[in-house]
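J.: Take a look at run.txt, compact mmCIF, C-alpha atoms:
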# COMPACT_ATOMS: atom_id res chain seq x y z
CA MET A 1 11.10 33.07 -23.60
CA LEU A 2 10.66 36.60 -24.89
CA THR A 3 11.90 39.43 -22.73
CA PRO A 4 9.27 42.15 -22.14
CA PRO A 5 10.16 45.65 -23.30
CA THR A 6 12.04 47.70 -20.74
CA GLN A 7 10.32 50.71 -19.21
CA LEU A 8 12.77 53.58 -19.34
CA PRO A 9 13.08 56.03 -16.43
CA TRP A 10 11.45 59.40 -17.00
CA LYS A 11 14.75 61.27 -17.39
CA HIS A 12 15.88 58.85 -20.10
CA ARG A 13 12.61 59.28 -21.96
CA LEU A 14 13.02 63.05 -21.80
CA SER A 15 16.56 62.70 -23.10
CA TRP A 16 15.52 60.60 -26.09
CA SER A 17 12.59 62.90 -26.80
CA GLY A 18 14.82 65.97 -26.62
CA VAL A 19 17.30 64.52 -29.10
CA TRP A 20 14.56 63.69 -31.59
CA LEU A 21 13.05 67.14 -31.15
CA ALA A 22 16.40 68.81 -31.81
CA ALA A 23 16.81 66.68 -34.93
CA SER A 24 13.33 67.71 -36.06
CA VAL A 25 14.19 71.39 -35.71
CA TRP A 26 17.47 70.91 -37.55
CA ALA A 27 15.81 69.02 -40.42
CA GLY A 28 12.99 71.54 -40.59
CA VAL A 29 15.45 74.28 -41.52
CA PHE A 30 16.28 72.68 -44.89
CA PRO A 31 12.93 73.48 -46.59
CA LEU A 32 13.27 77.09 -45.45
CA VAL A 33 16.74 77.84 -46.81
CA ALA A 34 18.28 77.81 -50.28
CA ALA A 35 19.39 74.19 -50.03
CA PRO A 36 19.43 71.81 -53.02
CA ALA A 37 16.04 70.33 -53.84
CA PRO A 38 16.88 66.79 -52.57
CA HIS A 39 17.91 68.26 -49.21
CA ARG A 40 14.64 70.18 -48.95
CA VAL A 41 12.64 67.02 -49.64
CA TRP A 42 14.60 65.13 -47.01
CA GLY A 43 14.18 67.95 -44.49
CA ALA A 44 10.40 68.12 -44.89
CA CYS A 45 9.96 64.36 -44.44
CA ALA A 46 12.55 63.96 -41.69
CA ALA A 47 11.21 66.84 -39.60
CA VAL A 48 7.82 65.12 -39.35
CA GLY A 49 9.39 61.74 -38.63
CA TYR A 50 11.64 63.11 -35.88
CA LEU A 51 8.71 64.98 -34.33
CA CYS A 52 6.64 61.78 -34.18
CA ALA A 53 9.63 59.98 -32.68
CA ALA A 54 9.97 62.69 -30.02
CA VAL A 55 6.35 62.16 -28.97
CA ALA A 56 6.65 58.36 -28.99
CA ALA A 57 9.82 58.45 -26.88
CA LEU A 58 7.85 59.91 -23.94
CA TRP A 59 5.92 56.65 -23.47
CA PRO A 60 7.35 54.21 -20.89
CA ARG A 61 8.22 51.64 -23.56
CA GLY A 62 8.54 54.02 -26.47
CA ARG A 63 12.25 53.81 -27.23
CA GLY A 64 11.83 51.09 -29.87
CA PRO A 65 8.76 52.69 -31.51
CA SER A 66 10.49 56.08 -31.54
CA VAL A 67 13.46 54.60 -33.40
CA ALA A 68 11.11 52.93 -35.88
CA LEU A 69 9.27 56.21 -36.50
CA ALA A 70 12.54 58.09 -36.99
CA LEU A 71 13.79 55.48 -39.47
CA THR A 72 10.52 55.69 -41.35
CA GLY A 73 10.36 59.48 -41.50
CA ALA A 74 14.06 60.24 -42.02
CA VAL A 75 15.12 57.29 -44.21
CA ALA A 76 12.33 55.20 -45.77
CA VAL A 77 9.86 57.92 -46.83
CA PRO A 78 12.29 60.55 -48.22
CA LEU A 79 14.38 57.89 -49.96
CA LEU A 80 11.28 56.49 -51.67
CA VAL A 81 10.12 59.99 -52.67
CA LEU A 82 13.52 60.87 -54.11
CA LEU A 83 13.87 57.56 -55.91
CA VAL A 84 10.47 57.87 -57.55
CA GLY A 85 10.95 61.54 -58.36
CA GLY A 86 14.53 61.16 -59.58
CA GLY A 87 15.95 63.68 -57.10
CA ALA A 88 19.58 63.16 -56.11
CA GLN A 89 22.90 64.90 -55.73
CA SER A 90 25.21 64.90 -58.73
CA GLU A 91 27.41 62.20 -57.14
CA VAL A 92 24.73 59.59 -57.83
CA GLY A 93 24.83 60.31 -61.57
CA VAL A 94 28.63 60.21 -61.53
CA ILE A 95 28.65 56.76 -59.90
CA GLU A 96 26.05 55.41 -62.31
CA ARG A 97 27.96 56.78 -65.31
CA SER A 98 31.17 55.21 -64.02
CA GLY A 99 29.36 51.85 -63.88
CA VAL A 100 28.25 52.21 -67.50
CA LEU A 101 31.77 53.18 -68.61
CA THR A 102 33.31 50.28 -66.71
CA LEU A 103 30.95 47.86 -68.38
CA HIS A 104 31.80 49.15 -71.86
CA GLN A 105 35.47 50.15 -71.64
CA ALA A 106 36.73 48.47 -68.42
CA THR A 107 37.61 51.84 -66.88
CA PRO A 108 35.27 54.43 -65.27
CA TYR A 109 37.00 57.54 -66.60
CA LEU A 110 36.13 59.65 -69.60
CA PRO A 111 39.32 60.36 -71.58
CA GLU A 112 38.50 64.05 -72.15
CA PRO A 113 35.98 65.49 -69.66
CA ARG A 114 34.49 68.77 -70.79
CA ALA A 115 32.77 69.83 -67.56
CA VAL A 116 32.96 69.20 -63.84
CA LEU A 117 30.10 66.70 -63.99
CA ASP A 118 32.10 64.63 -66.50
CA VAL A 119 34.84 64.08 -63.91
CA THR A 120 34.88 60.86 -61.86
CA PRO A 121 36.78 61.71 -58.65
CA TYR A 122 36.60 58.15 -57.29
CA LEU A 123 38.82 55.12 -57.63
CA PRO A 124 37.53 52.22 -59.78
CA GLY A 125 35.92 50.34 -56.87
CA MET A 126 33.16 52.92 -56.60
CA ALA A 127 31.93 51.98 -60.06
CA VAL A 128 30.57 48.72 -58.62
CA PHE A 129 27.56 50.64 -57.30
CA GLY A 130 26.85 51.96 -60.78
CA LEU A 131 26.81 48.54 -62.43
CA PRO A 132 23.11 47.88 -61.62
CA ARG A 133 22.20 50.97 -63.63
CA ALA A 134 24.44 49.81 -66.46
CA VAL A 135 22.79 46.38 -66.52
CA LEU A 136 19.16 47.38 -65.90
CA GLY A 137 19.11 50.63 -67.84
CA ASP A 138 16.54 53.33 -67.14
CA SER A 139 13.61 52.36 -69.36
CA GLY A 140 10.67 51.77 -67.03
CA TRP A 141 10.06 52.80 -63.45
CA LEU A 142 11.22 49.50 -61.92
CA PRO A 143 14.67 49.43 -63.60
CA ARG A 144 15.10 53.11 -62.75
CA LEU A 145 14.27 52.34 -59.14
CA LEU A 146 16.40 49.22 -58.74
CA GLY A 147 19.33 50.68 -60.66
CA ASP A 148 19.72 53.70 -58.40
CA ALA A 149 23.20 53.70 -56.89
CA ARG A 150 21.92 54.93 -53.52
CA LEU A 151 20.10 51.66 -52.89
CA TRP A 152 23.27 49.64 -53.40
CA CYS A 153 25.43 52.06 -51.38
CA ALA A 154 22.95 51.81 -48.51
CA ALA A 155 22.75 48.02 -48.81
CA ALA A 156 26.53 47.70 -48.71
CA SER A 157 26.80 50.00 -45.70
CA LEU A 158 24.06 48.26 -43.72
CA GLY A 159 25.50 44.87 -44.64
CA CYS A 160 28.89 45.91 -43.28
CA LEU A 161 27.31 47.19 -40.06
CA TRP A 162 25.44 43.90 -39.67
CA ALA A 163 28.68 41.95 -40.14
CA ALA A 164 30.46 44.23 -37.67
CA HIS A 165 27.62 43.73 -35.18
CA ARG A 166 28.04 39.96 -35.39
CA THR A 167 31.79 40.33 -35.03
CA THR A 168 31.82 42.66 -32.04
CA ARG A 169 29.13 40.85 -30.06
CA ARG A 170 31.17 37.65 -29.83
CA GLY A 171 33.18 37.37 -26.65
CA PRO A 172 36.40 35.40 -26.23
CA GLY A 173 34.49 32.28 -25.26
CA GLY A 174 31.46 32.48 -27.51
CA ARG A 175 28.56 34.71 -28.33
CA GLY A 176 28.07 35.97 -24.82
CA PHE A 177 24.27 35.80 -24.80
CA GLY A 178 23.82 33.35 -21.93
CA ARG A 179 24.47 35.93 -19.25
CA PRO A 180 21.77 37.64 -17.23
CA GLY A 181 20.47 40.75 -18.95
CA ALA A 182 22.22 39.93 -22.27
CA ALA A 183 18.94 40.09 -24.23
CA ARG A 184 18.13 43.48 -22.72
CA ARG A 185 21.58 44.81 -23.55
CA GLY A 186 21.27 43.46 -27.09
CA THR A 187 17.94 45.24 -27.54
CA ALA A 188 19.39 48.48 -26.20
CA ARG A 189 22.32 48.25 -28.57
CA ARG A 190 20.09 47.55 -31.57
CA ASP A 191 17.95 50.55 -30.68
CA ALA A 192 21.07 52.71 -30.33
CA VAL A 193 22.47 51.65 -33.71
CA GLY A 194 19.05 52.09 -35.33
CA ALA A 195 18.78 55.57 -33.84
CA PHE A 196 22.19 56.48 -35.22
CA VAL A 197 21.23 55.27 -38.71
CA ALA A 198 18.09 57.43 -38.42
CA SER A 199 20.12 60.45 -37.26
CA PRO A 200 20.92 63.26 -39.70
CA VAL A 201 24.56 62.13 -39.81
CA MET A 202 23.54 58.95 -41.65
CA ALA A 203 20.00 59.57 -42.92
CA LEU A 204 20.72 62.69 -44.97
CA PRO A 205 23.62 61.27 -47.03
CA LEU A 206 21.79 57.95 -47.36
CA CYS A 207 18.82 59.64 -49.01
CA VAL A 208 20.44 62.30 -51.17
CA SER A 209 23.82 60.83 -52.11
CA GLY A 210 24.99 57.64 -50.41
CA VAL A 211 28.54 57.96 -51.72
CA ASP A 212 30.26 57.88 -48.30
CA LEU A 213 28.11 55.15 -46.74
CA PRO A 214 30.02 52.16 -48.15
CA LEU A 215 33.24 53.76 -46.96
CA ILE A 216 31.86 54.14 -43.43
CA GLY A 217 30.67 50.55 -43.34
CA LEU A 218 33.84 49.01 -44.78
CA LEU A 219 36.25 51.00 -42.61
CA PHE A 220 34.32 50.18 -39.47
CA LEU A 221 34.13 46.52 -40.46
CA ALA A 222 37.90 46.45 -41.08
CA LEU A 223 38.58 47.86 -37.60
CA ALA A 224 36.15 45.37 -36.06
CA TYR A 225 37.94 42.47 -37.77
CA ALA A 226 41.32 43.83 -36.68
CA ALA A 227 40.11 44.09 -33.08
CA ARG A 228 39.09 40.39 -33.27
CA ARG A 229 42.51 39.36 -34.68
CA ARG A 230 41.24 38.47 -38.15
CA PRO A 231 43.96 39.92 -40.43
CA VAL A 232 42.79 38.47 -43.75
CA ALA A 233 39.20 39.65 -43.29
CA ALA A 234 40.43 43.08 -42.15
CA GLY A 235 42.75 43.33 -45.16
CA LEU A 236 39.98 42.48 -47.61
CA ALA A 237 37.62 45.05 -46.08
CA LEU A 238 40.39 47.66 -46.23
CA ALA A 239 41.10 46.84 -49.86
CA ALA A 240 37.45 47.27 -50.80
CA ALA A 241 37.41 50.70 -49.14
CA CYS A 242 40.79 51.78 -50.52
CA SER A 243 39.72 50.89 -54.05
CA MET A 244 36.83 53.39 -53.78
CA LYS A 245 38.46 56.50 -52.34
CA TRP A 246 42.08 57.28 -51.56
CA THR A 247 40.93 59.08 -48.42
CA ALA A 248 40.47 55.58 -46.98
CA TRP A 249 44.19 54.80 -47.24
CA PRO A 250 45.09 56.13 -43.73
CA ALA A 251 42.86 53.38 -42.30
CA VAL A 252 45.44 50.79 -43.37
CA ALA A 253 48.01 52.18 -40.92
CA VAL A 254 45.48 52.29 -38.07
CA ALA A 255 44.22 48.75 -38.70
CA VAL A 256 47.77 47.38 -38.98
CA ALA A 257 48.73 49.04 -35.70
CA LEU A 258 45.65 47.51 -34.06
CA LEU A 259 46.47 44.07 -35.50
CA ALA A 260 50.01 44.33 -34.17
CA GLN A 261 48.71 45.18 -30.71
CA ARG A 262 46.04 42.47 -30.68
CA GLY A 263 47.60 39.65 -32.70
CA GLY A 264 51.32 40.35 -33.00
CA THR A 265 53.69 41.27 -35.81
CA ARG A 266 52.76 38.32 -38.00
CA ALA A 267 49.06 39.26 -38.00
CA ALA A 268 49.92 42.90 -38.78
CA VAL A 269 52.14 41.97 -41.73
CA ARG A 270 49.53 39.55 -43.02
CA GLY A 271 46.74 42.12 -42.84
CA ALA A 272 48.88 44.81 -44.50
CA ALA A 273 49.93 42.45 -47.31
CA VAL A 274 46.34 41.43 -48.05
CA ALA A 275 45.15 45.06 -48.00
CA VAL A 276 47.89 46.41 -50.26
CA ALA A 277 47.92 43.51 -52.71
CA SER A 278 44.14 43.41 -53.07
CA THR A 279 43.94 47.19 -53.56
CA VAL A 280 46.57 47.04 -56.30
CA LEU A 281 44.69 44.25 -58.05
CA LEU A 282 41.44 46.25 -57.97
CA VAL A 283 42.95 49.55 -59.15
CA LEU A 284 45.63 48.30 -61.55
CA PRO A 285 43.41 47.65 -64.61
CA SER A 286 42.14 51.24 -64.70
CA ALA A 287 45.61 52.56 -63.93
CA LEU A 288 46.98 50.72 -66.96
CA LEU A 289 44.09 51.55 -69.30
CA SER A 290 43.74 55.26 -68.44
CA PRO A 291 46.64 56.45 -66.27
CA GLY A 292 46.31 60.12 -67.24
CA PRO A 293 42.55 60.50 -66.60
CA LEU A 294 42.86 58.55 -63.35
CA TRP A 295 45.57 60.86 -62.04
CA GLN A 296 43.85 64.05 -63.19
CA GLN A 297 40.36 63.14 -61.98
CA VAL A 298 41.06 61.16 -58.79
CA PHE A 299 44.07 62.98 -57.34
CA ALA A 300 44.55 66.37 -59.00
CA PHE A 301 40.89 67.40 -59.20
CA PRO A 302 39.96 66.89 -55.50
CA THR A 303 43.05 68.80 -54.34
CA GLY A 304 42.34 71.81 -56.53
CA ARG A 305 45.22 71.21 -58.98
CA GLY A 306 43.25 69.91 -61.94
CA PRO A 307 41.96 71.83 -64.96
CA TRP A 308 38.47 71.96 -63.40
CA GLU A 309 37.47 73.80 -60.25
CA THR A 310 36.29 71.42 -57.54
CA PRO A 311 32.86 72.14 -55.99
CA ALA A 312 34.26 71.11 -52.58
CA ALA A 313 34.76 74.69 -51.40
CA SER A 314 33.65 74.86 -47.77
CA PRO A 315 35.57 77.54 -45.81
CA LEU A 316 37.78 75.07 -43.95
CA PRO A 317 41.36 76.08 -42.93
CA GLY A 318 43.06 74.25 -45.80
CA ARG A 319 40.73 75.74 -48.38
CA LEU A 320 41.20 79.25 -46.98
CA LEU A 321 44.97 78.85 -47.22
CA ALA A 322 44.77 77.50 -50.77
CA ASP A 323 42.70 80.51 -51.83
CA LEU A 324 45.68 82.77 -51.02
CA GLY A 325 47.57 81.48 -54.05
CA PRO A 326 50.30 78.94 -54.79
CA ALA A 327 52.15 79.70 -51.55
CA GLY A 328 48.98 79.14 -49.55
CA TRP A 329 48.33 75.85 -51.36
CA TYR A 330 51.79 74.54 -50.52
CA ALA A 331 51.36 75.73 -46.93
CA ALA A 332 48.10 73.77 -46.66
CA VAL A 333 49.77 70.66 -48.09
CA ALA A 334 52.71 71.07 -45.67
CA LEU A 335 50.34 71.32 -42.70
CA LEU A 336 48.41 68.31 -44.01
CA LEU A 337 51.58 66.22 -44.23
CA ALA A 338 52.69 67.36 -40.78
CA GLY A 339 49.32 66.37 -39.32
CA GLY A 340 49.50 62.98 -41.01
CA LEU A 341 53.03 62.45 -39.71
CA ALA A 342 51.91 63.30 -36.18
CA VAL A 343 49.12 60.71 -36.34
CA ALA A 344 51.56 58.12 -37.75
CA VAL A 345 54.02 58.76 -34.92
CA SER A 346 51.20 58.37 -32.39
CA LEU A 347 50.43 54.94 -33.86
CA VAL A 348 54.00 53.86 -33.15
CA LEU A 349 54.40 55.43 -29.72
CA ARG A 350 50.90 54.66 -28.45
CA PRO A 351 49.18 52.11 -30.68
CA PRO A 352 45.41 51.61 -30.39
CA TYR A 353 44.40 48.74 -28.09
CA GLY A 354 40.78 48.15 -29.11
CA LEU A 355 37.98 49.06 -31.48
CA VAL A 356 37.10 52.34 -29.79
CA SER A 357 40.66 53.62 -29.55
CA ALA A 358 41.38 52.61 -33.17
CA ALA A 359 38.22 54.32 -34.42
CA ASP A 360 39.13 57.44 -32.45
CA ARG A 361 42.64 57.50 -33.90
CA LEU A 362 41.33 57.09 -37.44
CA ALA A 363 38.68 59.75 -36.80
CA VAL A 364 41.36 62.19 -35.64
CA GLY A 365 43.49 61.48 -38.69
CA LEU A 366 40.57 61.96 -41.07
CA CYS A 367 39.52 65.17 -39.34
CA VAL A 368 43.05 66.53 -39.76
CA ALA A 369 43.01 65.53 -43.42
CA PHE A 370 39.61 67.04 -44.17
CA LEU A 371 40.30 70.27 -42.27
CA LEU A 372 43.73 70.92 -43.79
CA ALA A 373 43.15 69.64 -47.33
CA PRO A 374 43.28 72.36 -50.02
CA ALA A 375 39.66 71.52 -50.90
CA GLY A 376 36.96 70.01 -48.74
CA ARG A 377 33.39 70.06 -47.50
CA PHE A 378 31.81 70.13 -44.07
CA GLY A 379 29.94 66.97 -45.08
CA TYR A 380 33.21 65.02 -45.20
CA LEU A 381 33.38 65.24 -41.39
CA ALA A 382 30.41 62.87 -41.16
CA LEU A 383 32.81 59.99 -41.86
CA PRO A 384 35.01 60.41 -38.74
CA VAL A 385 31.97 61.24 -36.60
CA ALA A 386 30.22 58.06 -37.75
CA LEU A 387 33.28 55.90 -37.03
CA ALA A 388 33.72 57.26 -33.51
CA VAL A 389 30.03 56.93 -32.61
CA LEU A 390 29.60 53.46 -34.12
CA ALA A 391 32.62 52.18 -32.21
CA ARG A 392 31.01 53.26 -28.95
CA LEU A 393 27.64 51.80 -29.85
CA MET A 394 28.98 48.42 -30.98
CA GLY A 395 32.38 47.97 -29.40
CA GLY A 396 33.49 46.72 -26.03
CA VAL A 397 30.38 44.68 -25.18
CA SER A 398 32.07 41.42 -24.35
CA GLY A 399 35.52 41.53 -25.79
CA ALA A 400 38.86 41.43 -24.04
CA GLU A 401 40.79 44.70 -24.09
CA PRO A 402 44.60 44.59 -23.91
CA VAL A 403 46.24 47.19 -21.70
CA ARG A 404 50.01 47.81 -22.12
CA GLY A 405 50.58 44.44 -23.69
CA ARG A 406 48.41 42.45 -21.27
CA VAL A 407 44.88 41.19 -21.90
CA VAL A 408 42.48 42.18 -19.18
CA ARG A 409 39.03 40.67 -19.30
CA SER A 410 36.38 42.84 -17.78
CA SER A 411 34.18 41.18 -15.15
CA ARG A 412 31.18 43.22 -16.25
CA PRO A 413 30.24 43.84 -19.90
CA THR A 414 30.37 47.45 -20.92
CA LEU A 415 27.00 48.85 -21.91
CA PRO A 416 26.85 50.84 -25.11
CA ALA A 417 26.79 54.59 -24.71
CA PRO A 418 23.28 56.03 -24.98
CA VAL A 419 22.59 57.78 -28.27
CA PRO A 420 21.71 61.15 -26.70
CA ALA A 421 25.11 61.23 -24.97
CA ALA A 422 26.84 60.34 -28.22
CA TRP A 423 25.01 63.00 -30.17
CA GLY A 424 25.62 65.53 -27.49
CA GLY A 425 29.31 65.41 -28.26
CA ARG A 426 28.85 66.41 -31.88
Would you kindly transcribe this structure into structure tokens?
T.:
Amino acid sequence: MLTPPTQLPWKHRLSWSGVWLAASVWAGVFPLVAAPAPHRVWGACAAVGYLCAAVAALWPRGRGPSVALALTGAVAVPLLVLLVGGGAQSEVGVIERSGVLTLHQATPYLPEPRAVLDVTPYLPGMAVFGLPRAVLGDSGWLPRLLGDARLWCAAASLGCLWAAHRTTRRGPGGRGFGRPGAARRGTARRDAVGAFVASPVMALPLCVSGVDLPLIGLLFLALAYAARRRPVAAGLALAAACSMKWTAWPAVAVAVALLAQRGGTRAAVRGAAVAVASTVLLVLPSALLSPGPLWQQVFAFPTGRGPWETPAASPLPGRLLADLGPAGWYAAVALLLAGGLAVAVSLVLRPPYGLVSAADRLAVGLCVAFLLAPAGRFGYLALPVALAVLARLMGGVSGAEPVRGRVVRSSRPTLPAPVPAAWGGR
């Protein structure tokens, strides 16, 4: 029997409408400022979509329709416009070129880059999303459309979120959908996750770049598997993420600490072994074929030590220190290492006990890394924000949470945090 849509109280409708209205104002700024052309296209489409969602949210049963309108206006329409018009950030072209190079020379790196756009600052796993372009080519509108790396980055991210949703909704004794109100809670959680995908945190990078979306999905999926005591699955998800960007490597320590807390030492060792061994297998061919270009483009270039100046130049603390000269660069690196050591010590002294606490710990570590790195962008902070919010939207619905070594099963399932509350903490 189908459950009728829930009529939200008036204050909840106002809250949802207010969030969509704020998002509309924020997106509407992009066409008015000197932003890149893809950002302006996204802003014009998203502002209208968010405004329609704000109006729809005021209806008694308008939460679902408002989410659908926001997804349409902030994701579907601008993505289609940019795909047809060929508008994208430079990262999309870099990924697609790396796919072509991998297909022809088994490594995604040019031996002698002559400009910044010739540099591939990603590990070999990222080239997977450029393979469709390499296979389909760009002759004809359909191959150009289907070969776009953003489509495959978005598909991978959404697929990981779907798998994480199926993983986190299972309770210790089954799926947990036979309880009173379970269908209503499931609908509320789907609306919350859909609203987050439609939010500027996810919708903007999905439409204009997409490069960080697979990382978000894979890291969250790895933590979800670790929270469910599935070390092999967690290790494989970690390896896929770590073979794309080395900024994903801190997640291995967090996931291993969570596995140790949830499944014991054997599970932690097993998950770590799978993650490390699989990452080595994925990266080793390129490391053997082009060790110099890999080091210069993947590690030296993003930290500001390569022969090319990185475009990641947001005025974050680490970047400001690095601009002072060699002494400032070493000071930024020292602070970065100290911050990483502090997070590592916290994993030993107070290991994470569930999905939310693990996501929070990883988010803190990534924030420290992005803020203190010698080069960085404000956009990098979307990754830790997404992990923390997704954990609250999906985690803790029916799982058992260990507290100080004991497993305590909650008598009442925890409802997911409402999206307006989650966004309000940004």
J.: Determine, counting all atoms listed in the file, which protein, DNA and RNA residues have an atom within 9 Å of an atom of Asp191 in chain A; residues of the same chain fewer than 6 positions away are not included. Present the result as JSON, numbers by chain.
T.: {"A": [63, 64, 67, 68, 419]}
J.: Need the shell around range 346-359 of chain A: protein/DNA/RNA residues with any atom at most 6 Å away, counting all atoms listed in the file. Skip same-chain ones fewer than 6 positions apart. Format as a PyMOL selection string?
T.: chain A and resi 227+257-258+387-388+391+402
J.: Which is closest to Gly125 in chain A among A:Val252, A:Leu282, A:Ala334, A:Leu215, if we use only C-alpha atoms?
T.: A:Leu282
J.: Mind pulling up the distance from CA of Trp59 in chain A to CA of Ser17 in chain A?
T.: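 CA of Ser17 in chain A sits 9.7 Å away from CA of Trp59 in chain A.
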J.: Please report as JSON lines every residue of range 164-255 of chain A lying within 12 Å of range 115-121 of chain A, along with the nearest atom pair and their distance in Å (one decimal), using only C-alpha atoms.
T.:
{"residue": "A:Val211", "atom": "CA", "partner": "A:Pro121", "partner_atom": "CA", "distance": 11.4}
{"residue": "A:Met244", "atom": "CA", "partner": "A:Pro121", "partner_atom": "CA", "distance": 9.6}
{"residue": "A:Lys245", "atom": "CA", "partner": "A:Pro121", "partner_atom": "CA", "distance": 8.4}
{"residue": "A:Trp246", "atom": "CA", "partner": "A:Pro121", "partner_atom": "CA", "distance": 9.9}
{"residue": "A:Thr247", "atom": "CA", "partner": "A:Pro121", "partner_atom": "CA", "distance": 11.3}
J.: One decimal, in Å: what's the spacing between CA of Ala233 in chain A and CA of Ala253 in chain A?
T.: 15.5 Å
J.: Rounded to one decimal place, report the CA of Gly379 in chain A-CA of Cys207 in chain A distance in Å.
T.: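 CA of Cys207 in chain A lies at a distance of 13.9 Å from CA of Gly379 in chain A.
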J.: Closest to Leu284 in chain A among A:Leu123, A:Leu131, A:Gly87, A:Pro113, using all atoms listed in the file?
T.: A:Leu123
